[in-house]
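Heads up, entry.txt below (compact mmCIF, C-alpha atoms):
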```txt
# COMPACT_ATOMS: atom_id res chain seq x y z
CA MET A 17 -29.33 -133.53 -4.61
CA LYS A 18 -27.32 -134.85 -1.68
CA THR A 19 -29.53 -137.33 0.07
CA THR A 20 -27.03 -139.95 1.15
CA ALA A 21 -25.20 -137.41 3.33
CA GLN A 22 -28.15 -137.08 5.71
CA PRO A 23 -27.68 -138.93 9.00
CA MET A 24 -30.24 -141.53 10.02
CA LYS A 25 -32.95 -140.09 12.21
CA THR A 26 -32.58 -141.63 15.63
CA ALA A 27 -35.17 -141.95 18.35
CA SER A 28 -33.42 -139.23 20.37
CA MET A 29 -33.49 -136.82 17.42
CA MET A 30 -37.20 -137.37 16.91
CA ASN A 31 -37.87 -137.10 20.64
CA PRO A 32 -35.15 -134.82 21.98
CA ASP A 33 -34.92 -134.44 25.76
CA ARG A 34 -36.78 -131.42 27.08
CA VAL A 35 -34.39 -128.93 28.71
CA LEU A 36 -35.60 -125.97 30.81
CA ASN A 37 -33.43 -123.68 32.96
CA GLY A 38 -30.46 -125.76 31.81
CA VAL A 39 -32.03 -128.79 33.50
CA ASN A 40 -32.77 -131.92 31.47
CA VAL A 41 -36.38 -132.27 32.57
CA THR A 42 -36.83 -135.53 30.67
CA LYS A 43 -33.99 -137.13 32.65
CA LEU A 44 -35.26 -135.54 35.88
CA LYS A 45 -38.69 -137.17 35.41
CA GLN A 46 -36.98 -140.46 34.48
CA THR A 47 -34.98 -140.23 37.72
CA VAL A 48 -38.16 -139.72 39.75
CA GLU A 49 -39.81 -142.71 38.04
CA ALA A 50 -36.70 -144.84 38.55
CA ILE A 51 -36.74 -144.04 42.29
CA ARG A 52 -40.45 -144.89 42.51
CA SER A 53 -39.76 -148.35 41.08
CA GLN A 54 -36.41 -148.92 42.86
CA PRO A 55 -36.34 -146.79 46.06
CA GLU A 56 -32.77 -147.72 47.04
CA ILE A 57 -31.26 -145.69 44.18
CA ALA A 58 -32.27 -142.56 46.12
CA GLN A 59 -29.68 -143.28 48.82
CA PHE A 60 -26.61 -141.05 48.40
CA LYS A 61 -23.50 -140.68 50.55
CA PHE A 62 -21.38 -137.57 50.09
CA ARG A 63 -17.84 -137.33 51.40
CA ALA A 64 -14.93 -135.03 52.11
CA ARG A 65 -11.41 -135.42 53.49
CA ASN A 66 -9.36 -132.78 55.24
CA GLU A 67 -5.65 -132.33 55.89
CA TRP A 68 -4.44 -129.74 58.37
CA ASP A 69 -1.65 -127.51 57.10
CA ASN A 70 -0.79 -125.06 59.90
CA GLY A 71 -2.67 -122.69 62.20
CA GLY A 72 -6.05 -121.90 60.64
CA HIS A 73 -5.05 -123.24 57.22
CA ASN A 74 -6.30 -126.64 56.05
CA GLN A 75 -7.40 -128.28 52.81
CA ALA A 76 -10.54 -130.25 52.10
CA THR A 77 -10.81 -132.60 49.14
CA VAL A 78 -14.02 -133.84 47.54
CA HIS A 79 -13.86 -136.60 44.95
CA GLU A 80 -15.81 -139.85 45.35
CA PHE A 81 -19.38 -140.38 46.48
CA PHE A 82 -21.98 -143.15 46.57
CA GLY A 83 -25.24 -142.88 44.66
CA ALA A 84 -27.70 -144.85 42.56
CA CYS A 85 -26.46 -148.08 44.22
CA GLN A 86 -22.82 -147.67 43.22
CA GLU A 87 -19.55 -145.96 44.07
CA MET A 88 -19.03 -142.96 41.80
CA GLU A 89 -16.57 -140.12 41.44
CA HIS A 90 -16.56 -136.57 40.15
CA LYS A 91 -14.79 -135.82 36.87
CA GLN A 92 -12.03 -134.26 38.97
CA SER A 93 -10.99 -133.77 42.58
CA PHE A 94 -12.14 -130.51 44.11
CA LEU A 95 -9.63 -128.97 46.53
CA MET A 96 -10.81 -126.30 48.96
CA HIS A 97 -8.42 -124.23 51.04
CA ALA A 98 -9.81 -122.87 54.28
CA ASP A 99 -8.13 -120.28 56.45
CA GLU A 100 -9.01 -117.40 58.76
CA PRO A 101 -8.48 -113.70 58.08
CA PRO A 102 -5.72 -111.95 60.09
CA VAL A 103 -8.26 -110.55 62.60
CA LEU A 104 -8.96 -114.22 63.46
CA LEU A 105 -5.24 -115.05 63.51
CA GLY A 106 -5.01 -116.63 60.05
CA GLU A 107 -3.40 -115.62 56.76
CA ASP A 108 -6.41 -115.52 54.41
CA ASN A 109 -5.31 -118.50 52.31
CA GLY A 110 -8.97 -119.31 51.70
CA ALA A 111 -12.50 -118.50 52.79
CA ASN A 112 -13.13 -119.50 56.37
CA PRO A 113 -15.20 -122.56 57.26
CA VAL A 114 -18.37 -120.68 58.25
CA GLU A 115 -18.19 -118.86 54.90
CA TYR A 116 -18.00 -122.24 53.13
CA VAL A 117 -21.29 -123.09 54.82
CA LEU A 118 -22.91 -119.94 53.42
CA ALA A 119 -21.49 -120.79 49.98
CA GLY A 120 -22.99 -124.28 50.25
CA LEU A 121 -26.34 -122.85 51.34
CA SER A 122 -26.28 -120.42 48.41
CA GLY A 123 -25.51 -123.11 45.84
CA CYS A 124 -28.14 -125.44 47.23
CA MET A 125 -30.99 -122.94 47.46
CA THR A 126 -30.21 -121.74 43.93
CA THR A 127 -30.07 -125.23 42.42
CA THR A 128 -33.17 -126.39 44.28
CA LEU A 129 -35.14 -123.41 42.96
CA VAL A 130 -33.92 -123.93 39.40
CA TYR A 131 -34.51 -127.72 39.33
CA HIS A 132 -37.95 -127.63 40.94
CA ALA A 133 -39.06 -124.74 38.73
CA ALA A 134 -37.91 -126.72 35.67
CA SER A 135 -39.83 -129.76 36.89
CA ARG A 136 -43.00 -127.61 37.09
CA GLY A 137 -42.43 -126.07 33.66
CA LEU A 138 -41.55 -122.65 35.13
CA LYS A 139 -38.83 -120.75 33.28
CA ILE A 140 -36.11 -118.98 35.27
CA GLU A 141 -34.01 -116.30 33.57
CA GLU A 142 -31.81 -114.88 36.34
CA VAL A 143 -31.11 -115.72 39.97
CA SER A 144 -28.80 -113.93 42.38
CA SER A 145 -28.73 -114.04 46.14
CA GLU A 146 -27.01 -112.66 49.24
CA TYR A 147 -26.32 -114.29 52.61
CA GLU A 148 -25.35 -112.90 55.99
CA GLY A 149 -24.99 -114.84 59.22
CA ASN A 150 -24.22 -113.72 62.78
CA ILE A 151 -21.58 -115.35 64.93
CA ASP A 152 -20.77 -114.22 68.46
CA LEU A 153 -17.21 -115.23 69.42
CA HIS A 154 -18.25 -115.48 73.07
CA GLY A 155 -19.47 -118.96 72.10
CA LEU A 156 -16.37 -120.35 70.37
CA LEU A 157 -14.02 -118.76 72.94
CA ASP A 158 -15.87 -120.25 75.94
CA LEU A 159 -16.60 -116.78 77.32
CA ASP A 160 -20.34 -117.34 77.82
CA PRO A 161 -21.90 -120.81 78.04
CA LYS A 162 -25.33 -119.43 77.03
CA ILE A 163 -24.04 -118.28 73.62
CA ARG A 164 -23.80 -120.85 70.86
CA SER A 165 -20.59 -121.12 68.84
CA GLY A 166 -22.33 -121.38 65.46
CA TYR A 167 -24.60 -119.12 63.44
CA ARG A 168 -27.27 -117.46 65.57
CA GLU A 169 -29.25 -116.39 62.49
CA ILE A 170 -28.77 -116.38 58.72
CA ARG A 171 -30.53 -113.86 56.46
CA VAL A 172 -31.01 -114.62 52.77
CA LYS A 173 -32.14 -112.28 49.96
CA PHE A 174 -33.07 -113.68 46.56
CA LYS A 175 -33.60 -111.75 43.33
CA VAL A 176 -35.31 -113.83 40.68
CA LYS A 177 -36.33 -113.04 37.11
CA GLY A 178 -38.69 -115.61 35.65
CA ASP A 179 -42.07 -117.33 35.79
CA PRO A 180 -42.56 -118.38 39.43
CA ASP A 181 -44.30 -115.95 41.80
CA GLU A 182 -42.87 -114.95 45.17
CA ALA A 183 -44.84 -117.52 47.16
CA THR A 184 -43.73 -120.34 44.86
CA ILE A 185 -40.10 -119.21 45.09
CA GLN A 186 -40.32 -119.13 48.90
CA GLU A 187 -41.81 -122.63 48.87
CA LEU A 188 -39.19 -124.07 46.49
CA LEU A 189 -36.19 -122.51 48.29
CA ARG A 190 -37.19 -124.31 51.52
CA LYS A 191 -36.89 -127.70 49.81
CA SER A 192 -33.11 -127.18 49.65
CA PRO A 193 -31.10 -129.96 51.36
CA VAL A 194 -28.60 -127.48 52.84
CA TYR A 195 -31.43 -125.23 54.06
CA ASP A 196 -32.89 -128.27 55.85
CA THR A 197 -29.44 -129.32 57.11
CA LEU A 198 -28.97 -125.92 58.77
CA ALA A 199 -32.55 -125.18 59.85
CA ASN A 200 -33.01 -128.56 61.54
CA PRO A 201 -30.67 -130.61 63.73
CA VAL A 202 -28.38 -133.21 62.16
CA ARG A 203 -26.94 -136.16 64.09
CA ILE A 204 -23.13 -136.04 63.86
CA LYS A 205 -21.03 -138.98 65.08
CA ILE A 206 -17.36 -138.34 65.80
CA GLU A 207 -14.62 -140.99 66.04
CA VAL A 208 -11.14 -140.03 67.17
CA GLU A 209 -7.96 -142.04 66.72
CA LYS A 210 -4.63 -141.00 68.22
CA VAL A 211 -1.77 -141.86 65.82
CA MET B 10 34.71 -106.82 67.11
CA LYS B 11 31.64 -105.75 65.22
CA THR B 12 29.31 -104.24 67.76
CA THR B 13 27.70 -101.47 65.77
CA ALA B 14 26.25 -103.96 63.29
CA GLN B 15 23.90 -105.48 65.90
CA PRO B 16 20.30 -104.33 65.61
CA MET B 17 18.67 -102.65 68.56
CA LYS B 18 16.81 -105.08 70.76
CA THR B 19 13.15 -104.19 70.52
CA ALA B 20 10.42 -105.04 72.96
CA SER B 21 9.03 -107.62 70.53
CA MET B 22 12.43 -109.30 70.21
CA MET B 23 12.80 -109.54 73.96
CA ASN B 24 9.19 -110.74 74.36
CA PRO B 25 8.35 -112.48 71.10
CA ASP B 26 4.79 -113.69 70.63
CA ARG B 27 4.29 -117.30 71.64
CA VAL B 28 3.25 -119.43 68.65
CA LEU B 29 1.97 -123.02 69.02
CA ASN B 30 0.40 -125.17 66.27
CA GLY B 31 0.89 -122.20 63.95
CA VAL B 32 -1.42 -120.16 66.18
CA ASN B 33 -0.22 -116.91 67.73
CA VAL B 34 -1.25 -117.75 71.29
CA THR B 35 -0.19 -114.34 72.58
CA LYS B 36 -2.60 -112.63 70.18
CA LEU B 37 -5.30 -115.23 70.92
CA LYS B 38 -5.12 -114.43 74.65
CA GLN B 39 -5.10 -110.70 73.85
CA THR B 40 -8.25 -111.22 71.76
CA VAL B 41 -9.98 -112.98 74.66
CA GLU B 42 -8.99 -110.16 77.04
CA ALA B 43 -10.12 -107.52 74.54
CA ILE B 44 -13.55 -109.20 74.28
CA ARG B 45 -13.84 -109.36 78.06
CA SER B 46 -13.34 -105.59 78.29
CA GLN B 47 -15.32 -104.68 75.14
CA PRO B 48 -17.87 -107.46 74.45
CA GLU B 49 -19.18 -105.95 71.19
CA ILE B 50 -15.95 -106.76 69.31
CA ALA B 51 -17.04 -110.43 69.46
CA GLN B 52 -19.93 -109.79 67.05
CA PHE B 53 -19.08 -111.03 63.53
CA LYS B 54 -21.18 -111.14 60.37
CA PHE B 55 -20.05 -113.42 57.56
CA ARG B 56 -21.38 -113.09 54.03
CA ALA B 57 -21.60 -114.70 50.63
CA ARG B 58 -23.16 -113.81 47.27
CA ASN B 59 -24.29 -116.21 44.60
CA GLU B 60 -24.93 -115.88 40.88
CA TRP B 61 -26.73 -118.63 39.00
CA ASP B 62 -25.04 -119.72 35.78
CA ASN B 63 -27.19 -122.49 34.26
CA GLY B 64 -28.77 -125.75 35.43
CA GLY B 65 -26.96 -126.94 38.55
CA HIS B 66 -24.00 -124.59 38.02
CA ASN B 67 -23.66 -121.41 40.09
CA GLN B 68 -20.88 -119.35 41.65
CA ALA B 69 -20.57 -118.10 45.21
CA THR B 70 -18.26 -115.22 46.13
CA VAL B 71 -16.91 -114.45 49.58
CA HIS B 72 -15.08 -111.20 50.19
CA GLU B 73 -16.21 -108.74 52.87
CA PHE B 74 -17.32 -109.39 56.44
CA PHE B 75 -17.98 -107.47 59.63
CA GLY B 76 -15.94 -108.05 62.76
CA ALA B 77 -14.31 -106.27 65.70
CA CYS B 78 -16.77 -103.36 65.26
CA GLN B 79 -15.81 -102.62 61.66
CA GLU B 80 -16.35 -103.62 58.04
CA MET B 81 -13.43 -105.74 56.85
CA GLU B 82 -12.46 -107.70 53.79
CA HIS B 83 -10.33 -110.71 52.93
CA LYS B 84 -7.02 -110.16 51.12
CA GLN B 85 -8.78 -111.47 48.01
CA SER B 86 -12.19 -112.55 46.78
CA PHE B 87 -12.85 -116.28 47.04
CA LEU B 88 -14.88 -117.70 44.16
CA MET B 89 -16.54 -121.10 44.58
CA HIS B 90 -18.14 -122.95 41.69
CA ALA B 91 -20.89 -125.37 42.61
CA ASP B 92 -22.42 -127.93 40.28
CA GLU B 93 -23.91 -131.41 40.36
CA PRO B 94 -22.37 -134.58 38.95
CA PRO B 95 -23.96 -136.04 35.79
CA VAL B 96 -25.97 -138.59 37.83
CA LEU B 97 -27.69 -135.56 39.39
CA LEU B 98 -28.07 -133.85 36.00
CA GLY B 99 -25.11 -131.48 36.26
CA GLU B 100 -21.73 -131.21 34.56
CA ASP B 101 -19.33 -131.45 37.51
CA ASN B 102 -18.07 -127.86 37.24
CA GLY B 103 -17.55 -127.87 40.99
CA ALA B 104 -18.27 -129.77 44.18
CA ASN B 105 -21.96 -129.87 44.93
CA PRO B 106 -23.51 -127.73 47.67
CA VAL B 107 -23.89 -130.51 50.24
CA GLU B 108 -20.21 -131.35 49.70
CA TYR B 109 -19.33 -127.68 50.41
CA VAL B 110 -21.06 -128.12 53.75
CA LEU B 111 -18.86 -131.13 54.58
CA ALA B 112 -15.79 -129.12 53.51
CA GLY B 113 -16.87 -126.29 55.82
CA LEU B 114 -17.45 -128.73 58.68
CA SER B 115 -14.02 -130.27 58.11
CA GLY B 116 -12.23 -126.92 58.09
CA CYS B 117 -14.05 -125.73 61.18
CA MET B 118 -13.55 -128.83 63.32
CA THR B 119 -9.85 -128.89 62.36
CA THR B 120 -9.26 -125.21 63.14
CA THR B 121 -11.25 -125.36 66.37
CA LEU B 122 -9.18 -128.31 67.58
CA VAL B 123 -5.88 -126.63 66.62
CA TYR B 124 -6.72 -123.21 68.14
CA HIS B 125 -8.15 -124.54 71.41
CA ALA B 126 -5.26 -126.98 71.82
CA ALA B 127 -2.82 -124.09 71.29
CA SER B 128 -4.68 -122.02 73.87
CA ARG B 129 -4.24 -124.86 76.40
CA GLY B 130 -0.55 -125.32 75.57
CA LEU B 131 -1.16 -128.66 73.84
CA LYS B 132 1.01 -129.32 70.79
CA ILE B 133 -0.59 -130.80 67.64
CA GLU B 134 1.64 -132.38 65.00
CA GLU B 135 -0.76 -133.85 62.44
CA VAL B 136 -4.51 -133.79 61.86
CA SER B 137 -6.49 -135.49 59.13
CA SER B 138 -10.18 -136.30 58.98
CA GLU B 139 -12.89 -137.93 56.88
CA TYR B 140 -16.59 -137.06 56.53
CA GLU B 141 -19.53 -138.97 55.16
CA GLY B 142 -23.16 -137.86 55.19
CA ASN B 143 -26.37 -139.60 54.07
CA ILE B 144 -28.94 -137.95 51.86
CA ASP B 145 -32.12 -139.70 50.69
CA LEU B 146 -33.41 -138.10 47.47
CA HIS B 147 -36.98 -139.04 48.44
CA GLY B 148 -36.86 -135.82 50.51
CA LEU B 149 -35.63 -133.34 47.89
CA LEU B 150 -37.80 -134.87 45.16
CA ASP B 151 -41.01 -134.68 47.23
CA LEU B 152 -41.46 -138.44 47.04
CA ASP B 153 -41.96 -138.96 50.79
CA PRO B 154 -42.98 -136.14 53.16
CA LYS B 155 -41.54 -138.04 56.17
CA ILE B 156 -38.00 -137.96 54.74
CA ARG B 157 -35.96 -134.80 55.22
CA SER B 158 -34.18 -133.27 52.21
CA GLY B 159 -30.90 -132.61 54.06
CA TYR B 160 -28.32 -134.80 55.75
CA ARG B 161 -29.87 -137.54 57.86
CA GLU B 162 -26.56 -138.26 59.60
CA ILE B 163 -22.92 -137.22 59.25
CA ARG B 164 -20.06 -139.46 60.39
CA VAL B 165 -16.64 -137.95 61.15
CA LYS B 166 -13.30 -139.72 61.74
CA PHE B 167 -10.32 -137.80 63.07
CA LYS B 168 -6.70 -138.95 63.20
CA VAL B 169 -4.59 -136.77 65.45
CA LYS B 170 -0.89 -136.88 66.34
CA GLY B 171 -0.03 -134.68 69.30
CA ASP B 172 -0.48 -133.94 72.99
CA PRO B 173 -4.25 -133.97 73.62
CA ASP B 174 -5.87 -137.26 74.64
CA GLU B 175 -8.95 -138.68 72.92
CA ALA B 176 -11.44 -137.26 75.41
CA THR B 177 -9.96 -133.77 75.09
CA ILE B 178 -10.03 -133.99 71.29
CA GLN B 179 -13.69 -135.06 71.38
CA GLU B 180 -14.46 -132.13 73.70
CA LEU B 181 -12.61 -129.55 71.59
CA LEU B 182 -14.07 -130.72 68.24
CA ARG B 183 -17.61 -130.08 69.56
CA LYS B 184 -16.79 -126.39 70.15
CA SER B 185 -16.65 -125.92 66.36
CA PRO B 186 -19.06 -123.24 65.06
CA VAL B 187 -19.96 -125.31 61.98
CA TYR B 188 -20.49 -128.42 64.14
CA ASP B 189 -22.92 -126.37 66.25
CA THR B 190 -24.53 -124.85 63.14
CA LEU B 191 -25.32 -128.35 61.79
CA ALA B 192 -26.05 -130.19 65.04
CA ASN B 193 -28.50 -127.55 66.28
CA PRO B 194 -31.22 -125.59 64.47
CA VAL B 195 -30.42 -122.19 62.93
CA ARG B 196 -33.06 -119.57 62.22
CA ILE B 197 -32.95 -118.67 58.52
CA LYS B 198 -34.94 -115.71 57.18
CA ILE B 199 -35.61 -115.57 53.43
CA GLU B 200 -36.58 -112.49 51.43
CA VAL B 201 -37.56 -112.81 47.78
CA GLU B 202 -37.72 -110.02 45.22
CA LYS B 203 -39.04 -110.56 41.69
CA VAL B 204 -37.02 -108.46 39.22
```
Please rewrite the model in this file as structure tokens.
Amino acid sequence: MKTTAQPMKTASMMNPDRVLNGVNVTKLKQTVEAIRSQPEIAQFKFRARNEWDNGGHNQATVHEFFGACQEMEHKQSFLMHADEPPVLLGEDNGANPVEYVLAGLSGCMTTTLVYHAASRGLKIEEVSSEYEGNIDLHGLLDLDPKIRSGYREIRVKFKVKGDPDEATIQELLRKSPVYDTLANPVRIKIEVEKV
Amino acid sequence: MKTTAQPMKTASMMNPDRVLNGVNVTKLKQTVEAIRSQPEIAQFKFRARNEWDNGGHNQATVHEFFGACQEMEHKQSFLMHADEPPVLLGEDNGANPVEYVLAGLSGCMTTTLVYHAASRGLKIEEVSSEYEGNIDLHGLLDLDPKIRSGYREIRVKFKVKGDPDEATIQELLRKSPVYDTLANPVRIKIEVEKV
């Protein structure tokens, strides 16, 4: 009988973290408790840089951020090429900026649904979603001052397989930070330096 | 004397398109005139799809869009992985969704500046910019109903080398569709289907 080959039982093996929907619910609850006792760890600052290439082509980089009271960085730099399609005088070197916004909205609504469902003990098996937003170029091109340059409306369709009912899904999706960022006004301060 | 080797002069060689800042200004002016005579070609619809992978990891795809009265598609599909960093219980498989929004804002403000400057005959030599936005997790985590889940404020710093003065740059940056999309409320309609 091989008994000496058994590893010591550790606390984490006897009480493994609970994971649901791929979310470590144990750590999620610990995060909530940590914020309750030390509110300042909830303050995050996210960042991006951008370098113009030519015409409609430019590159954004995301790497470092601030959170939980300290400077942090992602495991790698994320580089995102943006461009316009030929009909908008670009060369299609990347999705265009308004499409990046839809991609961000899609990621955020999906993650918010999955995390909040996990926190409530609701299992999610599959999630897919579609996004469509209307832009009227009269706005951007200064052809009509009454028409906004940005999205006039965005329509979202979710298909979800799992525990939560439709009303719960609708409720959870609206907790998304990007949903809130788009649905409600954000103060944006712009500094310009000539070099 | 080699005369027969010369190519025929074509109309486009005698009147080449004017290009400034990498933007085909001739085509830009033609687009504006085309919209003036046929306003419906200004109506664009941009789209994204998203498939959840696991936990905070999901993938957005951008490919087709509607513009100039017809269905169109990019030269290729653009795939965007989103994830959260470990401190937010993810595995850093991609930038996170709120960072995608900053990337979209950065691409849009840059392109808007470059295109509008070109349209006014103003040369741009270099553009770089930095973005930082504040998020307080008390909002997303339902810990304080008075705190929004999205960006509370976004700060932007532009460095520009070229013709336009600071005031003009400030004016042009605010024409950006993503700037408008974030600074002002957007109506978002959500449909949910249980499958």
query = From the list B:Asn102, B:Gln52, B:Asn24, B:Thr177, which residue is nearest chain A when using all atoms listed in the file?
reply = B:Gln52
query = If I put a ball of radius 8 Å at (-25.6, -138.8, 62.2) in the file's coordinates, which residues poke into it when counting only C-alpha atoms, written as a list of chain:residue names?
reply =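 Looking at atoms near the point gives A:Val202, A:Arg203, A:Ile204, A:Lys205, B:Gly142, B:Arg161, B:Glu162, B:Ile163, B:Arg164.
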task = Calculate how many Å separate CA of Phe94 (chain A) from CA of Leu129 (chain A), rounding to one decimal.
result =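 Between these atoms lies a distance of 24.1 Å.
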task = Compile the contact shell of Lys210 (chain A) as a PyMOL selection string: residues with an atom at most 6 Å away, counting all atoms listed in the file, same-chain residues fewer than 6 positions apart removed.
result = chain B and resi 168-170
inquiry  = Counting all atoms listed in the file, which residue out of A:Leu104, A:Leu157, A:Val211, A:Ala98 sits closest to Ser128 (chain B)?
reply    =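 Looking only at the distances to Ser128 (chain B), the closest residue turns out to be A:Leu157.
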request  = For each of B:Pro25, B:Glu60, B:His147, B:Leu181, take the minimum atom-to-atom distance to Glu49 (chain A), counting all atoms listed in the file, then give the residue where this is smallest.
outcome  =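 When distances to Glu49 (chain A) are compared using all atoms listed in the file, the smallest one comes from B:His147.
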Taking all atoms of region 52-56 of chain A that appear in the file, build a box with edges along x, y and z, extend it by 8 Å on every side, and state its centre and edge lengths in Å to one decimal, as JSON.
```
{"center_x": -36.6, "center_y": -146.9, "center_z": 44.1, "size_x": 23.7, "size_y": 20.0, "size_z": 22.0}
```
For Ser165 (chain A), the nearest of the candidates A:Val114, A:Cys85, A:Val78, A:Ala183, counting all atoms listed in the file =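 Residue with the minimum atom-to-atom distance to Ser165 (chain A): A:Val114.
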Which residue of B:Ile199, B:Ile50, B:Met81, B:Ile156 approaches chain A most closely, using all atoms listed in the file =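 Going through B:Ile199, B:Ile50, B:Met81, B:Ile156 one by one, the smallest distance to chain A is for B:Ile199.
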message = Residues within 10 Å of Gly76 (chain B), please, as a count of residues only. Count all atoms listed in the file; anything in the same chain fewer than 4 positions from it doesn't count.
response = 15
query = Which residue gives the smallest distance to Pro161 (chain A) among B:His90, B:His66, B:Lys184, B:Arg27, with all atoms listed in the file counted?
reply =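 Using all atoms listed in the file, the shortest distance to Pro161 (chain A) belongs to B:Lys184.
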ask   = Which value, in Å to one decimal, gives the distance between CA of Ile44 (chain B) and CA of Asp158 (chain A)?
value =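 Calculated distance between CA of Ile44 (chain B) and CA of Asp158 (chain A) is 11.4 Å.
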task = Quick one: pull the distance between CA of Leu29 (chain B) and CA of Val123 (chain B), Å, one decimal.
result =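 The value is 9.0 Å.
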task = Within 10 Å of Ala76 (chain A), counting all atoms listed in the file, which residues show up once you throw out same-chain ones fewer than 4 positions away? Write them as a list in words, please.
result =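 So, after excluding close chain neighbours, the residues are Ala64, Arg65, Asn66, Glu67, Trp68, Phe94, Leu95, Met96, His97 and Ala98 of chain A; Tyr109, Leu111, Ala112, Gly113, Leu114, Ser115, Gly116, Ser137, Ser138 and Glu139 of chain B.
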inquiry  = Excluding Arg52 (chain A) and its own-chain neighbours fewer than 4 positions away, which residues fall within 9 Å of it when counting all atoms listed in the file? Please give them as JSON, numbers by chain.
reply    = {"A": [47, 48], "B": [152]}
